[in-house]
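Participant: The file below is run01.tsv, TSV, C-alpha atoms and all ligand atoms:
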chain	number	residue	atom	x	y	z
A	9	MET	CA	4.13	-22.65	-19.19
A	10	SER	CA	3.74	-21.70	-15.59
A	11	GLY	CA	4.94	-18.33	-14.33
A	12	ASP	CA	7.17	-17.66	-11.35
A	13	ILE	CA	5.71	-16.65	-8.04
A	14	ILE	CA	6.96	-13.23	-6.96
A	15	ASP	CA	7.73	-13.59	-3.28
A	16	GLY	CA	6.58	-10.30	-1.76
A	17	LYS	CA	6.88	-11.67	1.73
A	18	ALA	CA	10.59	-12.43	1.31
A	19	PHE	CA	11.29	-9.08	-0.36
A	20	ALA	CA	9.40	-7.33	2.47
A	21	GLU	CA	11.48	-9.15	5.09
A	22	ARG	CA	14.68	-7.94	3.42
A	23	LEU	CA	13.35	-4.35	3.26
A	24	ARG	CA	12.38	-4.49	6.94
A	25	GLN	CA	15.87	-5.75	7.70
A	26	ARG	CA	17.44	-2.82	5.80
A	27	VAL	CA	15.24	-0.37	7.71
A	28	ALA	CA	16.18	-2.00	11.03
A	29	GLU	CA	19.87	-1.74	10.12
A	30	ALA	CA	19.54	1.98	9.36
A	31	VAL	CA	17.64	2.93	12.53
A	32	PRO	CA	20.63	2.88	14.95
A	33	GLN	CA	22.39	5.62	12.95
A	34	PHE	CA	19.29	7.83	13.36
A	35	VAL	CA	19.10	7.03	17.08
A	36	GLU	CA	22.77	7.93	17.49
A	37	THR	CA	22.55	11.35	15.84
A	38	GLU	CA	19.07	12.31	17.07
A	39	ALA	CA	19.11	10.67	20.54
A	40	ARG	CA	15.64	9.25	19.95
A	41	ALA	CA	13.98	6.54	17.86
A	42	PRO	CA	11.82	7.32	14.81
A	43	GLY	CA	8.18	7.14	15.90
A	44	LEU	CA	5.00	5.98	14.16
A	45	ALA	CA	1.54	6.80	15.51
A	46	VAL	CA	-1.34	4.63	14.31
A	47	VAL	CA	-4.89	5.74	14.99
A	48	ILE	CA	-7.81	3.34	14.74
A	49	VAL	CA	-11.44	4.28	15.24
A	50	GLY	CA	-14.06	1.62	15.92
A	51	GLU	CA	-14.07	-2.10	16.60
A	52	ASP	CA	-13.61	-3.76	13.19
A	53	PRO	CA	-11.63	-6.92	14.13
A	54	ALA	CA	-9.76	-7.18	10.80
A	55	SER	CA	-8.57	-3.57	11.12
A	56	HIS	CA	-7.38	-4.25	14.66
A	57	VAL	CA	-5.37	-7.24	13.40
A	58	TYR	CA	-3.62	-5.01	10.81
A	59	VAL	CA	-2.94	-2.31	13.38
A	60	ARG	CA	-1.44	-4.81	15.80
A	61	SER	CA	0.85	-6.24	13.12
A	62	LYS	CA	1.96	-2.70	12.12
A	63	GLY	CA	2.77	-1.96	15.77
A	64	LYS	CA	4.79	-5.17	16.14
A	65	ALA	CA	6.72	-4.53	12.92
A	66	THR	CA	7.48	-0.96	14.04
A	67	VAL	CA	8.95	-2.10	17.35
A	68	ALA	CA	10.85	-4.95	15.64
A	69	ALA	CA	12.53	-2.34	13.40
A	70	GLY	CA	13.73	-0.43	16.47
A	71	MET	CA	11.20	2.38	16.14
A	72	ALA	CA	8.67	3.71	18.65
A	73	SER	CA	5.02	2.75	18.14
A	74	PHE	CA	2.17	4.85	19.50
A	75	GLU	CA	-1.25	3.26	19.16
A	76	HIS	CA	-4.44	5.24	19.67
A	77	ARG	CA	-7.66	3.23	19.82
A	78	LEU	CA	-10.79	5.33	19.77
A	79	PRO	CA	-14.40	4.14	20.15
A	80	ASP	CA	-16.71	4.25	17.13
A	81	THR	CA	-18.65	7.02	18.89
A	82	THR	CA	-15.66	9.35	18.29
A	83	SER	CA	-16.62	12.53	16.45
A	84	GLN	CA	-14.72	13.93	13.49
A	85	GLU	CA	-13.72	16.93	15.64
A	86	GLU	CA	-12.26	14.66	18.35
A	87	LEU	CA	-10.33	12.66	15.77
A	88	ILE	CA	-8.95	15.79	14.11
A	89	ALA	CA	-7.98	17.14	17.56
A	90	LEU	CA	-5.92	13.97	18.14
A	91	VAL	CA	-4.28	14.30	14.70
A	92	GLU	CA	-3.37	17.93	15.51
A	93	GLN	CA	-1.86	16.85	18.83
A	94	LEU	CA	0.23	14.21	16.98
A	95	ASN	CA	1.28	16.84	14.41
A	96	LEU	CA	2.82	18.85	17.29
A	97	ASP	CA	4.40	15.86	19.04
A	98	ASP	CA	8.15	15.78	18.29
A	99	ALA	CA	8.40	12.07	19.10
A	100	VAL	CA	6.01	11.31	16.25
A	101	ASP	CA	7.47	11.21	12.71
A	102	GLY	CA	4.65	9.32	11.02
A	103	ILE	CA	0.88	9.39	11.44
A	104	LEU	CA	-1.38	6.71	9.97
A	105	VAL	CA	-5.13	6.89	10.44
A	106	GLN	CA	-6.48	3.44	9.64
A	107	LEU	CA	-9.15	3.45	6.90
A	108	PRO	CA	-12.03	2.98	6.49
A	109	LEU	CA	-13.33	5.36	9.15
A	110	PRO	CA	-16.79	4.88	10.66
A	111	ALA	CA	-19.76	6.37	8.81
A	112	GLY	CA	-20.19	10.05	9.64
A	113	ILE	CA	-16.48	10.81	9.58
A	114	ASP	CA	-15.13	12.37	6.39
A	115	ASP	CA	-11.90	10.52	5.46
A	116	LYS	CA	-10.72	13.45	3.40
A	117	ALA	CA	-11.08	16.01	6.23
A	118	VAL	CA	-9.09	13.78	8.56
A	119	ILE	CA	-6.35	13.05	6.02
A	120	GLU	CA	-5.98	16.76	5.18
A	121	ALA	CA	-5.50	17.49	8.91
A	122	ILE	CA	-2.30	15.39	8.97
A	123	ASP	CA	0.97	17.34	8.66
A	124	PRO	CA	2.14	16.34	5.13
A	125	ALA	CA	5.67	15.85	6.55
A	126	LYS	CA	4.24	13.10	8.81
A	127	ASP	CA	1.84	11.62	6.22
A	128	VAL	CA	3.55	8.22	5.90
A	129	ASP	CA	0.54	6.84	3.97
A	130	GLY	CA	1.16	9.52	1.32
A	131	PHE	CA	-2.58	10.22	1.14
A	132	HIS	CA	-2.50	13.98	1.83
A	133	VAL	CA	-3.32	16.12	-1.20
A	134	ALA	CA	0.10	17.82	-0.88
A	135	ASN	CA	1.88	14.47	-1.26
A	136	ALA	CA	-0.46	13.33	-4.06
A	137	GLY	CA	0.30	16.61	-5.86
A	138	ARG	CA	4.05	16.23	-5.39
A	139	LEU	CA	3.88	12.72	-6.86
A	140	ALA	CA	1.88	14.01	-9.83
A	141	VAL	CA	4.35	16.81	-10.63
A	142	GLY	CA	7.47	14.76	-9.86
A	143	GLU	CA	8.55	16.50	-6.66
A	144	GLU	CA	9.92	14.59	-3.71
A	145	GLY	CA	7.33	13.63	-1.12
A	146	LEU	CA	5.90	10.70	0.79
A	147	VAL	CA	4.57	8.05	-1.60
A	148	PRO	CA	1.66	5.68	-0.76
A	149	CYS	CA	2.99	2.43	0.68
A	150	THR	CA	1.10	-0.12	-1.40
A	151	PRO	CA	1.93	1.32	-4.86
A	152	LEU	CA	5.54	1.96	-3.86
A	153	GLY	CA	5.79	-1.64	-2.67
A	154	CYS	CA	4.37	-2.84	-6.01
A	155	LEU	CA	6.92	-0.74	-7.89
A	156	MET	CA	9.77	-2.18	-5.84
A	157	LEU	CA	8.65	-5.72	-6.76
A	158	LEU	CA	8.35	-4.78	-10.45
A	159	LYS	CA	11.81	-3.18	-10.62
A	160	ASP	CA	13.35	-6.09	-8.77
A	161	ARG	CA	11.87	-8.50	-11.29
A	162	LEU	CA	12.01	-6.56	-14.57
A	163	GLY	CA	14.80	-3.99	-14.07
A	164	ASP	CA	14.21	-1.03	-16.39
A	165	LEU	CA	10.46	-0.56	-16.99
A	166	SER	CA	10.89	1.98	-19.84
A	167	GLY	CA	8.49	1.51	-22.72
A	168	LEU	CA	6.52	-1.32	-21.15
A	169	GLU	CA	2.73	-1.33	-21.45
A	170	ALA	CA	1.24	-1.13	-17.96
A	171	VAL	CA	-2.45	-1.53	-17.16
A	172	VAL	CA	-3.62	-0.53	-13.69
A	173	VAL	CA	-7.10	-1.83	-12.94
A	174	GLY	CA	-8.65	0.48	-10.33
A	175	ARG	CA	-8.45	4.26	-9.91
A	176	SER	CA	-8.67	4.85	-6.17
A	177	ASN	CA	-6.68	7.71	-4.67
A	178	ILE	CA	-4.85	5.30	-2.39
A	179	VAL	CA	-3.79	2.58	-4.85
A	180	GLY	CA	-4.72	2.91	-8.54
A	181	LYS	CA	-3.92	6.58	-9.19
A	182	PRO	CA	-0.58	6.73	-7.34
A	183	MET	CA	0.39	3.39	-8.93
A	184	ALA	CA	-0.23	4.87	-12.38
A	185	GLN	CA	1.86	7.95	-11.48
A	186	LEU	CA	4.78	5.80	-10.35
A	187	LEU	CA	4.67	3.68	-13.52
A	188	LEU	CA	4.49	6.82	-15.67
A	189	GLN	CA	7.56	8.15	-13.84
A	190	GLN	CA	9.31	4.90	-14.88
A	191	ASN	CA	8.43	5.63	-18.53
A	192	CYS	CA	5.77	2.95	-18.87
A	193	THR	CA	2.88	3.52	-21.23
A	194	VAL	CA	0.12	3.57	-18.65
A	195	THR	CA	-3.56	2.75	-18.99
A	196	ILE	CA	-5.90	3.12	-16.02
A	197	ALA	CA	-8.97	0.88	-16.23
A	198	HIS	CA	-12.03	1.11	-13.98
A	199	SER	CA	-15.67	0.06	-13.69
A	200	ARG	CA	-16.68	1.97	-16.83
A	201	THR	CA	-13.91	0.55	-19.00
A	202	ARG	CA	-15.20	-1.19	-22.12
A	203	ASP	CA	-13.75	-4.59	-22.94
A	204	LEU	CA	-11.59	-4.90	-19.83
A	205	PRO	CA	-10.17	-8.29	-20.94
A	206	GLY	CA	-9.06	-6.69	-24.23
A	207	VAL	CA	-7.39	-3.80	-22.40
A	208	VAL	CA	-5.64	-6.10	-19.93
A	209	ARG	CA	-4.42	-8.32	-22.79
A	210	ARG	CA	-2.21	-5.46	-24.08
A	211	ALA	CA	-0.26	-5.25	-20.85
A	212	ASP	CA	3.29	-6.30	-20.08
A	213	ILE	CA	2.51	-5.25	-16.49
A	214	VAL	CA	-0.91	-5.70	-14.86
A	215	VAL	CA	-1.62	-4.19	-11.46
A	216	ALA	CA	-4.98	-5.33	-10.11
A	217	ALA	CA	-6.50	-3.06	-7.41
A	218	VAL	CA	-10.21	-3.65	-7.83
A	219	GLY	CA	-11.58	-5.31	-4.71
A	220	ARG	CA	-13.37	-8.06	-6.72
A	221	PRO	CA	-12.29	-11.57	-5.75
A	222	GLU	CA	-10.49	-13.47	-8.55
A	223	MET	CA	-11.94	-11.23	-11.27
A	224	ILE	CA	-8.93	-11.14	-13.62
A	225	ARG	CA	-8.41	-14.50	-15.28
A	226	GLY	CA	-5.56	-16.17	-17.09
A	227	ASP	CA	-7.24	-15.91	-20.50
A	228	TRP	CA	-7.23	-12.08	-20.15
A	229	LEU	CA	-3.43	-11.97	-19.99
A	230	LYS	CA	-0.73	-11.55	-22.59
A	231	PRO	CA	1.59	-14.56	-22.22
A	232	GLY	CA	4.59	-13.67	-20.08
A	233	ALA	CA	2.96	-10.63	-18.44
A	234	THR	CA	3.98	-9.65	-14.92
A	235	VAL	CA	0.95	-9.58	-12.62
A	236	ILE	CA	0.83	-7.67	-9.34
A	237	ASP	CA	-2.27	-8.52	-7.33
A	238	VAL	CA	-3.13	-5.85	-4.76
A	239	GLY	CA	-6.53	-7.29	-3.90
A	240	ILE	CA	-7.23	-8.54	-0.39
A	241	ASN	CA	-10.61	-10.27	-0.33
A	242	ARG	CA	-11.86	-12.59	2.37
A	243	ILE	CA	-14.24	-15.16	0.87
A	244	ALA	CA	-15.97	-18.32	2.09
A	245	GLY	CA	-13.63	-21.33	2.16
A	246	GLU	CA	-14.00	-24.95	3.22
A	247	GLY	CA	-16.82	-25.52	5.71
A	248	ASP	CA	-17.20	-22.45	7.88
A	249	ARG	CA	-13.64	-21.23	7.26
A	250	THR	CA	-12.75	-18.16	5.23
A	251	ARG	CA	-9.81	-17.66	2.93
A	252	LEU	CA	-7.95	-14.71	1.51
A	253	VAL	CA	-7.86	-14.25	-2.28
A	254	GLY	CA	-6.70	-11.49	-4.57
A	255	ASP	CA	-8.37	-9.71	-7.49
A	256	VAL	CA	-6.65	-12.18	-9.85
A	257	ASP	CA	-7.67	-15.79	-10.36
A	258	PHE	CA	-4.28	-17.10	-9.29
A	259	GLU	CA	-4.49	-20.65	-10.67
A	260	SER	CA	-5.45	-19.68	-14.22
A	261	ALA	CA	-3.29	-16.54	-14.28
A	262	ARG	CA	-0.08	-18.27	-13.25
A	263	GLN	CA	-0.39	-20.58	-16.28
A	264	VAL	CA	-0.05	-17.58	-18.59
A	265	ALA	CA	1.86	-14.95	-16.60
A	266	GLY	CA	5.64	-14.65	-16.55
A	267	GLY	CA	5.51	-13.75	-12.87
A	268	ILE	CA	2.70	-13.21	-10.39
A	269	THR	CA	2.33	-12.14	-6.76
A	270	PRO	CA	0.34	-14.49	-4.53
A	271	VAL	CA	-2.29	-13.51	-1.96
A	272	PRO	CA	-1.40	-13.77	0.85
A	273	GLY	CA	2.37	-13.33	0.72
A	274	GLY	CA	2.60	-10.77	-2.09
A	275	VAL	CA	1.74	-7.08	-1.89
A	276	GLY	CA	0.30	-7.10	1.66
A	277	PRO	CA	3.63	-7.63	3.45
A	278	MET	CA	5.24	-5.01	1.18
A	279	THR	CA	2.71	-2.41	2.36
A	280	ILE	CA	3.86	-2.81	5.96
A	281	ALA	CA	7.57	-2.86	5.07
A	282	VAL	CA	7.21	0.34	3.02
A	283	LEU	CA	5.32	1.94	5.92
A	284	LEU	CA	8.40	1.39	8.08
A	285	ARG	CA	10.61	2.72	5.30
A	286	ASN	CA	8.42	5.83	4.92
A	287	THR	CA	8.52	6.42	8.67
A	288	LEU	CA	12.32	6.38	8.68
A	289	VAL	CA	12.42	8.62	5.58
A	290	ALA	CA	9.98	11.07	7.24
A	291	ALA	CA	12.03	11.03	10.45
A	292	CYS	CA	15.24	11.83	8.53
A	293	ALA	CA	13.54	14.65	6.61
A	294	ARG	CA	12.16	16.16	9.84
A	295	ALA	CA	15.61	15.92	11.43
A	296	GLY	CA	17.21	17.55	8.38
A	297	ILE	CA	19.48	14.58	7.68
A	298	ALA	CA	19.91	12.56	4.49
A	299	PRO	CA	17.79	9.41	4.25
A	300	PRO	CA	19.74	6.14	4.34
A	301	ALA	CA	20.91	5.07	0.86
A	302	GLY	CA	19.23	2.12	-0.80
A	303	LEU	CA	15.82	2.35	0.83
B	1	LIG	N1	-2.35	-5.27	-0.21
B	1	LIG	C1	-2.55	-4.13	0.41
B	1	LIG	O1	-1.72	-3.69	1.18
B	1	LIG	C2	-3.77	-3.34	0.15
B	1	LIG	C3	-4.81	-3.96	-0.49
B	1	LIG	N2	-5.93	-3.28	-0.84
B	1	LIG	C4	-6.95	-4.01	-1.59
B	1	LIG	O2	-6.89	-3.59	-2.94
B	1	LIG	C5	-8.18	-3.62	-3.53
B	1	LIG	C6	-8.51	-2.23	-4.07
B	1	LIG	O3	-8.50	-1.30	-3.00
B	1	LIG	P1	-8.96	0.23	-3.22
B	1	LIG	O4	-8.19	0.83	-4.32
B	1	LIG	O5	-8.95	0.85	-1.88
B	1	LIG	O6	-10.48	-0.01	-3.68
B	1	LIG	P2	-11.62	0.99	-4.12
B	1	LIG	O7	-12.89	0.28	-3.85
B	1	LIG	O8	-11.39	2.33	-3.54
B	1	LIG	O9	-11.40	1.12	-5.70
B	1	LIG	C7	-11.67	0.03	-6.55
B	1	LIG	C8	-11.47	0.44	-7.99
B	1	LIG	O10	-11.76	-0.69	-8.81
B	1	LIG	C9	-12.67	-0.30	-9.83
B	1	LIG	N3	-13.59	-1.39	-10.14
B	1	LIG	C10	-14.56	-1.91	-9.35
B	1	LIG	N4	-15.20	-2.91	-9.99
B	1	LIG	C11	-14.65	-3.01	-11.22
B	1	LIG	C12	-14.89	-3.83	-12.33
B	1	LIG	N5	-15.84	-4.77	-12.32
B	1	LIG	N6	-14.13	-3.66	-13.41
B	1	LIG	C13	-13.16	-2.73	-13.44
B	1	LIG	N7	-12.87	-1.91	-12.42
B	1	LIG	C14	-13.62	-2.05	-11.30
B	1	LIG	C15	-13.43	0.89	-9.29
B	1	LIG	O11	-13.86	1.64	-10.40
B	1	LIG	P3	-14.72	3.03	-10.26
B	1	LIG	O12	-13.69	4.05	-9.85
B	1	LIG	O13	-15.24	3.25	-11.61
B	1	LIG	O14	-15.74	2.78	-9.20
B	1	LIG	C16	-12.36	1.59	-8.46
B	1	LIG	O15	-11.62	2.49	-9.23
B	1	LIG	C17	-9.11	-4.11	-2.43
B	1	LIG	O16	-9.22	-5.52	-2.55
B	1	LIG	C18	-8.37	-3.77	-1.15
B	1	LIG	O17	-8.71	-4.61	-0.08
B	1	LIG	C19	-6.05	-1.94	-0.58
B	1	LIG	C20	-5.04	-1.25	0.07
B	1	LIG	C21	-3.84	-1.93	0.53
B	2	LIG	N1	-4.47	4.38	6.48
B	2	LIG	C1	-4.42	3.13	5.97
B	2	LIG	N2	-3.28	2.70	5.38
B	2	LIG	C2	-3.19	1.43	4.88
B	2	LIG	O1	-2.13	1.05	4.32
B	2	LIG	C3	-4.31	0.57	4.99
B	2	LIG	C4	-5.48	1.06	5.62
B	2	LIG	N3	-5.50	2.34	6.07
B	2	LIG	N4	-6.57	0.27	5.74
B	2	LIG	C5	-6.55	-1.11	5.33
B	2	LIG	C6	-5.61	-1.34	4.17
B	2	LIG	C7	-5.22	-2.77	3.95
B	2	LIG	N5	-3.82	-2.86	4.25
B	2	LIG	C8	-3.10	-4.04	4.31
B	2	LIG	C9	-1.85	-4.11	4.86
B	2	LIG	C10	-1.19	-5.32	4.99
B	2	LIG	C11	-1.77	-6.48	4.57
B	2	LIG	C12	-1.07	-7.78	4.75
B	2	LIG	O2	0.01	-7.84	5.33
B	2	LIG	N6	-1.65	-8.91	4.30
B	2	LIG	C13	-1.09	-10.24	4.44
B	2	LIG	C14	-2.11	-11.21	4.99
B	2	LIG	C15	-2.76	-10.78	6.26
B	2	LIG	C16	-3.92	-11.72	6.63
B	2	LIG	O3	-3.72	-12.95	6.69
B	2	LIG	O4	-5.02	-11.17	6.87
B	2	LIG	C17	-0.71	-10.78	3.06
B	2	LIG	O5	-1.28	-10.31	2.07
B	2	LIG	O6	0.13	-11.68	3.01
B	2	LIG	C18	-3.02	-6.42	4.00
B	2	LIG	C19	-3.67	-5.21	3.86
B	2	LIG	C20	-3.35	-1.63	4.57
B	2	LIG	N7	-4.30	-0.72	4.52
B	3	MG	MG	-11.26	2.20	-0.37
Show the structure stored in the file as structure tokens.
Facilitator:
Amino acid sequence: MSGDIIDGKAFAERLRQRVAEAVPQFVETEARAPGLAVVIVGEDPASHVYVRSKGKATVAAGMASFEHRLPDTTSQEELIALVEQLNLDDAVDGILVQLPLPAGIDDKAVIEAIDPAKDVDGFHVANAGRLAVGEEGLVPCTPLGCLMLLKDRLGDLSGLEAVVVGRSNIVGKPMAQLLLQQNCTVTIAHSRTRDLPGVVRRADIVVAAVGRPEMIRGDWLKPGATVIDVGINRIAGEGDRTRLVGDVDFESARQVAGGITPVPGGVGPMTIAVLLRNTLVAACARAGIAPPAGL
């Protein structure tokens, strides 16, 4: 048996298309485009690549993109001052501060400075709390993108055994909350979990968000399981090239899985598409209008 590849890239393109189709209605009633501000501190080339592709996708969807590039000598106070200025800027509906931040800046202090209504990453404690208690709020892009792929593939998730490997505040925990909301039986595994292969083997749904290249192997999986690979790891490839791999050993896992997301082309593109979706949803909420249906 060889499982199907879940084409996150294609799904993300369709979601971006739906967002782009809904933007003109907002522009017509509000006489302005939804706006996303992305803040990047420091010179990390990979982070700059992501920020550029977010900016391009924002403009392609008909929204305004505001990019703020700050040197790695920026202090926490200066960064928070910029966030506060963006909070007050009516042209800005979404604020994303690219992580990780340079050493010496406290991620949490910066995230908590963002107006929760503009927190399109869904990282603010107010949005995390709303997700945990089942109130409406902005939901982190990567887990929401994973959920969209799972519902598209499996339909109703009620009663399924889901194992989330990883418990970060930005991926693992919100992923578990979303799956619980869908009536899955959710297990969260982490670095102290005993017998991780045995835990993963119970799962109908495996979400891998570990940051360890190709750690989860085919012989850990229940046959037919749906595998969502969040991992983005750059490892040595042929010669002096590098290549991108997930947290799942794709070749062995696809032999056993019912469906599996590839890396690249799986969850990564969904993250950016959901960011655009969240920006439009935030813009509608700030304008006091209903969000477009079907997003
Ligand atoms: N596709 C996308 O859009 C995105 C991809 N990513 C990628 O997803 C991955 C996870 O990201 P993130 O959540 O930020 O990572 P973190 O490093 O914040 O969290 C990793 C989690 O994995 C757990 N873990 C580490 N080693 C093991 C192990 N050997 N066995 C079991 N659990 C382990 C850690 O456990 P403990 O808590 O005990 O330390 C921790 O909970 C990374 O590869 C990252 O690049 C991230 C964001 C977006
Ligand atoms: N505040 C904040 N929010 C984030 O959402 C955030 C962040 N900081 N810091 C970094 C991580 C990582 N992340 C990715 C987004 C898209 C791809 C993506 O599109 N990947 C492509 C491949 C890209 C390539 O080739 O490098 C793919 O998987 O197909 C990957 C990773 C968002 N993050
Ligand atoms: Mg992290």
Participant: Wanna dump the chain A-ligand MG 3 (chain B) contacts at 9 Å for me, each residue with its shortest atom pair and the distance in Å to one decimal, counting all atoms listed in the file, ordered by chain and number, as a Markdown table?
Facilitator:
| residue | atom | partner | partner_atom | distance |
| --- | --- | --- | --- | --- |
| A:Leu107 | CA | B:MG3 | MG | 7.7 |
| A:Pro108 | CA | B:MG3 | MG | 6.9 |
| A:Ser176 | CA | B:MG3 | MG | 6.9 |
| A:Asn177 | CA | B:MG3 | MG | 8.4 |
| A:Ile178 | CA | B:MG3 | MG | 7.4 |
| A:Val179 | CA | B:MG3 | MG | 8.7 |
| A:Gly219 | CA | B:MG3 | MG | 8.7 |
Participant: Compare A:Ala134, A:Val264, A:Val67, A:Val215 by their minimum atom-to-atom distance to Leu229 in chain A, counting only C-alpha atoms, and give me the closest one.
Facilitator: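 The shortest atom-to-atom distance to Leu229 in chain A comes from A:Val264.
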Participant: Can you pull out every residue with an atom within 9 Å of ligand LIG 1 (chain B)? Use all atoms listed in the file and format it as an MDAnalysis selection string.
Facilitator: chainID A and resid 149:151 153 173:181 196:201 204 216:221 223 237:242 253:255 271:272 274:280
Participant: Keeping C-alpha atoms for every residue in the selection just given, could you write it to a file as a CSV table (one decimal), keeping the file's coordinate frame?
Facilitator:
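Result file follows (out.csv):
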chain,number,residue,atom,x,y,z
A,149,CYS,CA,3.0,2.4,0.7
A,150,THR,CA,1.1,-0.1,-1.4
A,151,PRO,CA,1.9,1.3,-4.9
A,153,GLY,CA,5.8,-1.6,-2.7
A,173,VAL,CA,-7.1,-1.8,-12.9
A,174,GLY,CA,-8.6,0.5,-10.3
A,175,ARG,CA,-8.4,4.3,-9.9
A,176,SER,CA,-8.7,4.8,-6.2
A,177,ASN,CA,-6.7,7.7,-4.7
A,178,ILE,CA,-4.8,5.3,-2.4
A,179,VAL,CA,-3.8,2.6,-4.8
A,180,GLY,CA,-4.7,2.9,-8.5
A,181,LYS,CA,-3.9,6.6,-9.2
A,196,ILE,CA,-5.9,3.1,-16.0
A,197,ALA,CA,-9.0,0.9,-16.2
A,198,HIS,CA,-12.0,1.1,-14.0
A,199,SER,CA,-15.7,0.1,-13.7
A,200,ARG,CA,-16.7,2.0,-16.8
A,201,THR,CA,-13.9,0.6,-19.0
A,204,LEU,CA,-11.6,-4.9,-19.8
A,216,ALA,CA,-5.0,-5.3,-10.1
A,217,ALA,CA,-6.5,-3.1,-7.4
A,218,VAL,CA,-10.2,-3.6,-7.8
A,219,GLY,CA,-11.6,-5.3,-4.7
A,220,ARG,CA,-13.4,-8.1,-6.7
A,221,PRO,CA,-12.3,-11.6,-5.8
A,223,MET,CA,-11.9,-11.2,-11.3
A,237,ASP,CA,-2.3,-8.5,-7.3
A,238,VAL,CA,-3.1,-5.8,-4.8
A,239,GLY,CA,-6.5,-7.3,-3.9
A,240,ILE,CA,-7.2,-8.5,-0.4
A,241,ASN,CA,-10.6,-10.3,-0.3
A,242,ARG,CA,-11.9,-12.6,2.4
A,253,VAL,CA,-7.9,-14.2,-2.3
A,254,GLY,CA,-6.7,-11.5,-4.6
A,255,ASP,CA,-8.4,-9.7,-7.5
A,271,VAL,CA,-2.3,-13.5,-2.0
A,272,PRO,CA,-1.4,-13.8,0.8
A,274,GLY,CA,2.6,-10.8,-2.1
A,275,VAL,CA,1.7,-7.1,-1.9
A,276,GLY,CA,0.3,-7.1,1.7
A,277,PRO,CA,3.6,-7.6,3.4
A,278,MET,CA,5.2,-5.0,1.2
A,279,THR,CA,2.7,-2.4,2.4
A,280,ILE,CA,3.9,-2.8,6.0
Participant: Just to confirm, what's the straight-line distance from CA of Leu78 in chain A to CA of Ile48 in chain A in Å (one decimal)?
Facilitator: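 Spanning CA of Leu78 in chain A to CA of Ile48 in chain A is a straight-line distance of 6.2 Å.
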Participant: When you look at Ala39 in chain A with a cut-off of 12 Å (counting all atoms listed in the file), what residues show up, excluding the ones that are within fewer than 5 positions of it in the same chain? I need them as a PyMOL selection string.
Facilitator: chain A and resi 31-34+99+295
Participant: Could you check which of A:Thr250, A:Gln189, A:Thr81, A:Ser55 is closest to ligand LIG 2 (chain B), using only C-alpha atoms and all ligand atoms?
Facilitator: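 Nearest to ligand LIG 2 (chain B): A:Ser55.
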Participant: Can you measure atom C9 of ligand LIG 2 (chain B) to CA of Glu75 in chain A for me? One decimal in Å is fine.
Facilitator: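 Spanning atom C9 of ligand LIG 2 (chain B) to CA of Glu75 in chain A is a straight-line distance of 16.1 Å.
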Participant: If you measure from atom C15 of ligand LIG 2 (chain B) to CA of Ser61 in chain A, what distance in Å do you get, rounded to one decimal?
Facilitator: 9.0 Å
Participant: Taking into account only C-alpha atoms, which residue in the set A:Leu104, A:Cys292, A:Leu158, A:Leu284 is nearest to Lys64 in chain A?
Facilitator: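 Nearest candidate to Lys64 in chain A out of A:Leu104, A:Cys292, A:Leu158, A:Leu284: A:Leu284.
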Participant: If we count only C-alpha atoms, what is near Val100 in chain A at a cut-off of 12 Å, once residues fewer than 4 positions away on the same chain are taken out, given as a PyMOL selection string?
Facilitator: chain A and resi 40-46+71-75+91-96+104+122-123+125-128+287-288+290-291+294-295
Participant: Taking all atoms listed in the file into account, name the residue in A:Ala30, A:Leu146, A:Cys192, A:Leu283 that is nearest to ligand LIG 2 (chain B).
Facilitator: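 Once distances to ligand LIG 2 (chain B) are computed over all atoms listed in the file, the minimum belongs to A:Leu283.
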Participant: Using all atoms listed in the file, which residue out of A:Gly296, A:Pro231, A:Gly50, A:Pro270 lies closest to ligand LIG 2 (chain B)?
Facilitator: A:Pro270
Participant: Write out as a short mmCIF file (atom, residue, chain, number, x, y, z; two decimals) with C-alpha atoms, in the frame of the given file the residues lying within 7 Å of Thr269 in chain A, counting all atoms listed in the file and excluding same-chain residues fewer than 4 positions away.
Facilitator:
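Below is the file result.cif, written as the result:
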data_model
loop_
_atom_site.label_atom_id
_atom_site.label_comp_id
_atom_site.auth_asym_id
_atom_site.auth_seq_id
_atom_site.Cartn_x
_atom_site.Cartn_y
_atom_site.Cartn_z
CA ILE A 13 5.71 -16.65 -8.04
CA ILE A 14 6.96 -13.23 -6.96
CA ASP A 15 7.73 -13.59 -3.28
CA GLY A 16 6.58 -10.30 -1.76
CA VAL A 235 0.95 -9.58 -12.62
CA ILE A 236 0.83 -7.67 -9.34
CA ASP A 237 -2.27 -8.52 -7.33
CA GLY A 274 2.60 -10.77 -2.09
#
Participant: List the neighbours of Glu144 in chain A out to 12 Å using all atoms listed in the file; skip same-chain residues closer than 5 positions along the sequence, and give me the result as a list in words.
Facilitator: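 The contact residues come out as Pro124, Ala125, Gly130, Ala134, Asn135, Ala136, Gly137, Arg138, Leu139, Val289, Ala290 and Ala293 of chain A.
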Participant: Could you check which of A:Leu109, A:Ala211, A:Leu157, A:Val172 is closest to ligand LIG 2 (chain B), using only C-alpha atoms and all ligand atoms?
Facilitator: A:Leu109
Participant: Please determine an axis-aligned box that encloses all atoms of range 90-105 of chain A listed in the file, with 8 Å added on each side, and express its centre and edge lengths in Å to one decimal as AutoDock Vina command-line options.
Facilitator:
--center_x 1.2 --center_y 12.8 --center_z 14.5 --size_x 30.3 --size_y 28.1 --size_z 25.1
